[in-house]
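Peer 1: Got data.tsv for you, TSV, C-alpha atoms:
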```
chain	number	residue	atom	x	y	z
A	204	MET	CA	39.29	-18.79	-45.94
A	205	ARG	CA	37.71	-18.95	-42.48
A	206	THR	CA	36.90	-15.84	-40.53
A	207	ARG	CA	37.37	-16.02	-36.82
A	208	VAL	CA	34.81	-14.31	-34.58
A	209	PRO	CA	36.23	-13.46	-31.16
A	210	GLY	CA	34.45	-15.12	-28.27
A	211	ARG	CA	32.57	-17.53	-30.49
A	212	ARG	CA	33.32	-21.20	-30.12
A	213	THR	CA	31.82	-22.94	-33.12
A	214	ARG	CA	34.73	-25.24	-33.94
A	215	ARG	CA	34.70	-28.81	-32.85
A	216	ASN	CA	37.23	-29.20	-30.10
A	217	PRO	CA	37.95	-32.60	-28.57
A	218	LEU	CA	38.58	-30.96	-25.18
A	219	ARG	CA	35.26	-29.13	-25.15
A	220	ARG	CA	32.56	-30.84	-23.13
A	221	ARG	CA	28.83	-30.30	-23.02
A	222	SER	CA	29.22	-28.66	-19.63
A	223	ASP	CA	31.53	-26.05	-21.22
A	224	VAL	CA	28.80	-25.16	-23.72
A	225	PHE	CA	26.26	-25.03	-20.91
A	226	ASP	CA	28.54	-22.70	-18.91
A	227	THR	CA	28.89	-20.34	-21.87
A	228	TRP	CA	25.15	-20.17	-22.44
A	229	ALA	CA	24.41	-19.85	-18.72
A	230	ALA	CA	26.85	-16.93	-18.45
A	231	LEU	CA	25.13	-15.23	-21.38
A	232	VAL	CA	21.65	-15.76	-19.89
A	233	PHE	CA	22.72	-14.43	-16.49
A	234	ALA	CA	24.40	-11.41	-18.09
A	235	VAL	CA	21.20	-10.57	-19.97
A	236	LEU	CA	19.12	-11.05	-16.81
A	237	LEU	CA	21.50	-8.83	-14.87
A	238	CYS	CA	21.77	-6.06	-17.47
A	239	VAL	CA	18.19	-6.10	-18.78
A	240	GLY	CA	15.98	-8.11	-16.45
A	241	ALA	CA	16.91	-6.49	-13.13
A	242	PRO	CA	16.50	-2.88	-14.37
A	243	LEU	CA	13.27	-3.85	-16.11
A	244	ALA	CA	11.95	-5.36	-12.85
A	245	GLY	CA	12.82	-2.10	-11.08
A	246	VAL	CA	11.06	0.02	-13.70
A	247	VAL	CA	7.91	-2.13	-13.78
A	248	THR	CA	7.69	-2.26	-9.98
A	249	GLY	CA	8.35	1.49	-9.75
A	250	LEU	CA	5.59	2.26	-12.26
A	251	ARG	CA	3.11	0.13	-10.31
A	252	ALA	CA	4.15	1.84	-7.09
A	253	TYR	CA	3.72	5.22	-8.78
A	254	ASP	CA	0.18	4.37	-9.89
A	255	ASP	CA	-0.75	3.13	-6.41
A	256	ALA	CA	0.79	6.14	-4.64
A	257	ARG	CA	-0.80	8.60	-7.06
A	258	ALA	CA	-4.22	7.00	-6.56
A	259	GLN	CA	-3.73	7.17	-2.78
A	260	ALA	CA	-2.71	10.85	-3.00
A	261	THR	CA	-5.76	11.65	-5.13
A	262	ALA	CA	-8.06	9.88	-2.66
A	263	GLN	CA	-6.48	11.72	0.26
A	264	ARG	CA	-6.85	15.11	-1.45
A	265	ALA	CA	-10.52	14.33	-2.12
A	266	ALA	CA	-11.18	13.25	1.48
A	267	ARG	CA	-9.23	16.01	3.29
A	268	HIS	CA	-9.44	19.76	3.33
A	269	GLU	CA	-7.26	22.47	4.80
A	270	VAL	CA	-8.57	25.15	7.14
A	271	SER	CA	-7.01	27.98	9.11
A	272	ALA	CA	-7.39	27.29	12.83
A	273	VAL	CA	-6.52	29.03	16.09
A	274	LEU	CA	-4.66	26.98	18.68
A	275	LEU	CA	-6.40	26.66	22.03
A	276	GLU	CA	-3.29	25.24	23.72
A	277	ASP	CA	0.48	25.19	23.23
A	278	ALA	CA	2.15	22.48	21.19
A	279	PRO	CA	5.22	20.88	22.80
A	280	ALA	CA	8.48	22.76	22.26
A	281	ALA	CA	10.39	22.50	19.02
A	282	VAL	CA	13.09	19.87	18.84
A	283	SER	CA	16.57	21.08	17.90
A	284	SER	CA	17.66	19.58	14.63
A	285	THR	CA	21.21	19.75	13.36
A	286	GLU	CA	20.31	18.34	9.96
A	287	GLY	CA	17.57	20.85	9.12
A	288	GLY	CA	14.85	18.20	9.27
A	289	THR	CA	11.18	19.00	9.63
A	290	GLN	CA	9.68	19.44	13.06
A	291	PRO	CA	7.37	16.72	14.37
A	292	LEU	CA	3.64	17.27	14.43
A	293	TYR	CA	1.65	17.20	17.67
A	294	ARG	CA	-2.08	16.81	18.19
A	295	VAL	CA	-3.51	19.83	20.09
A	296	ARG	CA	-6.93	21.46	20.54
A	297	VAL	CA	-7.82	24.00	17.85
A	298	ARG	CA	-10.84	26.04	16.78
A	299	TRP	CA	-11.81	26.76	13.19
A	300	THR	CA	-14.70	28.11	11.18
A	301	VAL	CA	-16.44	25.75	8.77
A	302	PRO	CA	-16.11	27.34	5.31
A	303	ASP	CA	-19.60	26.39	4.06
A	304	SER	CA	-21.78	27.25	7.05
A	305	GLY	CA	-19.63	29.66	9.06
A	306	ALA	CA	-20.13	27.57	12.21
A	307	ARG	CA	-17.28	27.39	14.69
A	308	ARG	CA	-15.91	23.99	15.58
A	309	THR	CA	-13.26	22.74	17.97
A	310	GLY	CA	-11.27	19.58	17.84
A	311	ARG	CA	-7.79	18.17	17.85
A	312	ALA	CA	-5.48	18.67	14.90
A	313	LEU	CA	-1.84	18.12	14.03
A	314	VAL	CA	0.34	21.23	14.26
A	315	PRO	CA	4.13	21.75	14.12
A	316	ALA	CA	6.15	21.62	17.34
A	317	GLY	CA	6.59	24.94	19.10
A	318	THR	CA	3.29	26.48	17.96
A	319	ARG	CA	1.76	28.61	20.76
A	320	GLN	CA	-1.78	29.17	22.00
A	321	GLY	CA	-3.51	31.85	19.94
A	322	ASP	CA	-1.30	31.26	16.86
A	323	ARG	CA	-2.92	30.48	13.56
A	324	ALA	CA	-2.01	27.24	11.84
A	325	GLU	CA	-3.13	25.56	8.67
A	326	VAL	CA	-4.58	22.18	9.63
A	327	TRP	CA	-5.96	19.31	7.60
A	328	LEU	CA	-9.29	17.77	8.49
A	329	ASP	CA	-11.07	14.70	7.23
A	330	ARG	CA	-14.78	14.58	6.33
A	331	GLN	CA	-15.72	14.02	9.98
A	332	GLY	CA	-13.75	17.08	11.08
A	333	ARG	CA	-10.93	15.13	12.72
A	334	GLY	CA	-7.38	16.42	12.41
A	335	VAL	CA	-5.28	14.38	10.01
A	336	GLU	CA	-1.90	14.69	8.33
A	337	ALA	CA	-1.57	16.58	5.06
A	338	PRO	CA	-2.24	14.50	1.96
A	339	VAL	CA	0.64	12.89	0.15
A	340	THR	CA	2.43	15.36	-2.14
A	341	GLY	CA	3.81	14.79	-5.62
A	342	THR	CA	7.34	14.75	-4.22
A	343	MET	CA	6.39	12.02	-1.76
A	344	VAL	CA	4.85	10.00	-4.60
A	345	TRP	CA	8.09	10.20	-6.60
A	346	GLN	CA	10.22	9.36	-3.57
A	347	HIS	CA	8.08	6.28	-2.96
A	348	THR	CA	8.29	5.34	-6.65
A	349	LEU	CA	12.07	5.64	-6.84
A	350	THR	CA	12.65	3.86	-3.54
A	351	THR	CA	10.39	0.97	-4.53
A	352	GLY	CA	11.97	0.70	-7.99
A	353	ILE	CA	15.52	0.73	-6.62
A	354	TRP	CA	14.69	-1.91	-4.00
A	355	ALA	CA	13.01	-4.08	-6.64
A	356	MET	CA	16.02	-3.77	-8.95
A	357	GLY	CA	18.36	-4.61	-6.07
A	358	GLY	CA	16.27	-7.61	-5.13
A	359	ALA	CA	16.17	-8.86	-8.72
A	360	THR	CA	19.94	-8.39	-8.97
A	361	ALA	CA	20.46	-10.38	-5.77
A	362	VAL	CA	18.24	-13.19	-7.07
A	363	VAL	CA	20.12	-13.30	-10.40
A	364	LEU	CA	23.53	-13.33	-8.68
A	365	LEU	CA	22.40	-16.01	-6.24
A	366	GLY	CA	21.12	-18.06	-9.17
A	367	ARG	CA	24.45	-17.60	-10.95
A	368	VAL	CA	26.40	-18.79	-7.90
A	369	THR	CA	24.09	-21.79	-7.51
A	370	VAL	CA	24.34	-22.78	-11.17
A	371	ARG	CA	28.10	-22.24	-11.14
A	372	ARG	CA	28.56	-24.54	-8.13
A	373	ALA	CA	26.40	-27.24	-9.71
A	374	SER	CA	28.33	-26.85	-12.94
A	375	GLU	CA	31.67	-27.23	-11.13
A	376	ARG	CA	30.45	-30.44	-9.48
A	377	HIS	CA	29.41	-31.69	-12.91
A	378	HIS	CA	32.82	-30.68	-14.35
A	379	MET	CA	34.61	-32.60	-11.64
A	380	ALA	CA	32.45	-35.67	-12.24
A	381	GLU	CA	33.26	-35.50	-15.97
A	382	TRP	CA	36.96	-35.19	-15.20
A	383	GLU	CA	36.74	-38.23	-12.92
A	384	ARG	CA	35.04	-40.29	-15.63
A	385	GLU	CA	37.62	-39.19	-18.20
A	386	TRP	CA	40.47	-40.00	-15.84
A	387	GLU	CA	39.01	-43.45	-15.13
A	388	ARG	CA	39.15	-44.16	-18.87
A	389	THR	CA	42.57	-42.57	-19.41
A	390	GLU	CA	44.43	-43.62	-16.26
A	391	PRO	CA	44.82	-47.33	-17.18
A	392	GLU	CA	46.63	-46.29	-20.37
A	393	TRP	CA	49.05	-44.16	-18.36
A	394	ARG	CA	49.73	-46.97	-15.88
A	395	ASN	CA	50.78	-49.39	-18.61
A	396	ARG	CA	53.36	-47.01	-20.06
A	397	THR	CA	56.95	-47.64	-19.27
A	398	PRO	CA	59.43	-44.79	-18.95
```
Now, as a test, write the supplied structure out as structure tokens.
Peer 2:
Amino acid sequence: MRTRVPGRRTRRNPLRRRSDVFDTWAALVFAVLLCVGAPLAGVVTGLRAYDDARAQATAQRAARHEVSAVLLEDAPAAVSSTEGGTQPLYRVRVRWTVPDSGARRTGRALVPAGTRQGDRAEVWLDRQGRGVEAPVTGTMVWQHTLTTGIWAMGGATAVVLLGRVTVRRASERHHMAEWEREWERTEPEWRNRTP
């Protein structure tokens, strides 16, 4: 007694062509690429992006330090934000005390909009004492990782779907050519029949 497995075409069928078998296998390969390959590409790319961003954050933290500074001039006014976004940073003149030597220095540093002369602000400086942005935070690293991974997965998905459409069109052309060849062999028999 034969057991039938749904979806499996192992029987010999005179109507089945090689292109039908190819279509079945191609659909299976594309399904695996779509369900496994695209997410895997996103994960691998995200992990690489995480390593790169974490290394960049570590280098920035090593090369920058935070000091408390007094503003020597006003920063431009704060921008109204309806979405609760962060205020832009502006480069203004500030004065700070070097932690190691106690010497006073002045320079330009990035401070939030709306900060006034005489206010204290925490500013980030590089090794040369120039004002720079704060180093990349852990949250920023994860945002970069997830964004990169999602874009990579989307790109891989688009490539797989484009490949599927391309293969499907080529397969349909091949199907039609097979049908034409079959009809050329069969059509003379139909012509000779009498009703």
Peer 1: Quick one: residues within 10 Å of (-15.5, 24.9, 8.4) (file frame), counting only C-alpha atoms, please, as a VMD selection string.
Peer 2: chain A and resid 268 to 272 298 to 308 328 332
Peer 1: To one decimal in Å, tell me the separation between CA of Arg367 (chain A) and CA of Ala355 (chain A).
Peer 2: 18.2 Å
Peer 1: Please work out which residues fall within 9 Å of (1.4, 13.1, 16.0), coordinates as given in the file, with all atoms listed in the file counting, and return them as number ranges by chain.
Peer 2: A: 291-294, 312-314, 336
Peer 1: Calculated over all atoms listed in the file, which of the candidates A:Val295, A:Leu275, A:Val344, A:Ile353 has the smallest distance to Arg257 (chain A)?
Peer 2: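 Once distances to Arg257 (chain A) are computed over all atoms listed in the file, the minimum belongs to A:Val344.
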Peer 1: I'd like the neighbourhood of region 347-350 of chain A as a list of chain:residue names, where a residue qualifies if any of its atoms comes within 6 Å (using all atoms listed in the file), though same-chain residues fewer than 4 positions away should be ignored.
Peer 2: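 Near region 347-350 of chain A, the qualifying residues are A:Gly249, A:Ala252, A:Tyr253.
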Peer 1: Could you produce a table of the residues of region 270-377 of chain A lying within 8 Å of region 215-231 of chain A, with the nearest pair of atoms per residue and their separation in Å rounded to one decimal, using all atoms listed in the file, ordered by chain and increasing residue number, as a tab-separated table?
Peer 2:
```
residue	atom	partner	partner_atom	distance
A:Arg367	CA	A:Ala230	CA	7.9
A:Arg371	CA	A:Asp226	CA	7.8
A:Ser374	CA	A:Ser222	CA	7.0
A:His377	CA	A:Ser222	CA	7.4
```
Peer 1: Rounded to one decimal in Å, what is the spacing between CA of Gly352 (chain A) and CA of Val239 (chain A)?
Peer 2: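 Separation between CA of Gly352 (chain A) and CA of Val239 (chain A): 14.2 Å.
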Peer 1: Can you tell me, as a PDB file with C-alpha atoms, keeping the file's coordinate frame, what residues are no more than 12 Å from Gly366 (chain A) when counting all atoms listed in the file, ignoring any on the same chain fewer than 4 positions away?
Peer 2:
```pdb
ATOM      1  CA  ALA A 229      24.410 -19.850 -18.720  1.00  0.00           C
ATOM      2  CA  ALA A 230      26.850 -16.930 -18.450  1.00  0.00           C
ATOM      3  CA  VAL A 232      21.650 -15.760 -19.890  1.00  0.00           C
ATOM      4  CA  PHE A 233      22.720 -14.430 -16.490  1.00  0.00           C
ATOM      5  CA  ALA A 234      24.400 -11.410 -18.090  1.00  0.00           C
ATOM      6  CA  LEU A 236      19.120 -11.050 -16.810  1.00  0.00           C
ATOM      7  CA  LEU A 237      21.500  -8.830 -14.870  1.00  0.00           C
ATOM      8  CA  ALA A 359      16.170  -8.860  -8.720  1.00  0.00           C
ATOM      9  CA  THR A 360      19.940  -8.390  -8.970  1.00  0.00           C
ATOM     10  CA  ALA A 361      20.460 -10.380  -5.770  1.00  0.00           C
ATOM     11  CA  VAL A 362      18.240 -13.190  -7.070  1.00  0.00           C
ATOM     12  CA  VAL A 370      24.340 -22.780 -11.170  1.00  0.00           C
ATOM     13  CA  ARG A 371      28.100 -22.240 -11.140  1.00  0.00           C
ATOM     14  CA  ARG A 372      28.560 -24.540  -8.130  1.00  0.00           C
ATOM     15  CA  ALA A 373      26.400 -27.240  -9.710  1.00  0.00           C
ATOM     16  CA  SER A 374      28.330 -26.850 -12.940  1.00  0.00           C
TER      17      SER A 374
END
```
Peer 1: Quote the spacing between CA of Val235 (chain A) and CA of Thr369 (chain A) in Å to one decimal place.
Peer 2: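 Computing the Euclidean distance for CA of Val235 (chain A) and CA of Thr369 (chain A) yields 17.0 Å.
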Peer 1: Which one of A:Gly310, A:Gly245, A:Pro391, A:Pro279 sits closest to Val326 (chain A) if you count all atoms listed in the file?
Peer 2: A:Gly310
Peer 1: Go through A:Gln290, A:Ala262, A:Thr340, A:Arg330 and flag the residue nearest Ala316 (chain A), using all atoms listed in the file for the distances.
Peer 2: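 Closest candidate: A:Gln290.
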Peer 1: At a cut-off of 10 Å, using all atoms listed in the file, what residues contact Gln259 (chain A)? Leave out same-chain residues fewer than 5 positions from it and give the result as a PyMOL selection string.
Peer 2: chain A and resi 253-254+264-265+338-339+344
Peer 1: Dump C-alpha atoms for the selected residues as a compact mmCIF listing (two decimals), keeping the file's coordinate frame?
Peer 2:
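This went into selection23.txt:
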```
# COMPACT_ATOMS: atom_id res chain seq x y z
CA TYR A 253 3.72 5.22 -8.78
CA ASP A 254 0.18 4.37 -9.89
CA ARG A 264 -6.85 15.11 -1.45
CA ALA A 265 -10.52 14.33 -2.12
CA PRO A 338 -2.24 14.50 1.96
CA VAL A 339 0.64 12.89 0.15
CA VAL A 344 4.85 10.00 -4.60
```
Peer 1: Nearest to Asp329 (chain A): which of A:Leu274, A:Ala280, A:Ala266, A:Met343 is it, counting only C-alpha atoms?
Peer 2: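 When distances to Asp329 (chain A) are compared using only C-alpha atoms, the smallest one comes from A:Ala266.
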Peer 1: Between A:Ala380, A:Leu250, A:Ala241, A:Ala278, which one has atoms that come closest to Met356 (chain A), using only C-alpha atoms?
Peer 2: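 Answer, going by the shortest atom-to-atom distance: A:Ala241.
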Peer 1: Select, from A:Trp345, A:Glu392, A:Gly357, A:His378, the residue with the minimum atom-to-atom distance to Asp255 (chain A), counting only C-alpha atoms.
Peer 2: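 Closest to Asp255 (chain A), using only C-alpha atoms: A:Trp345.
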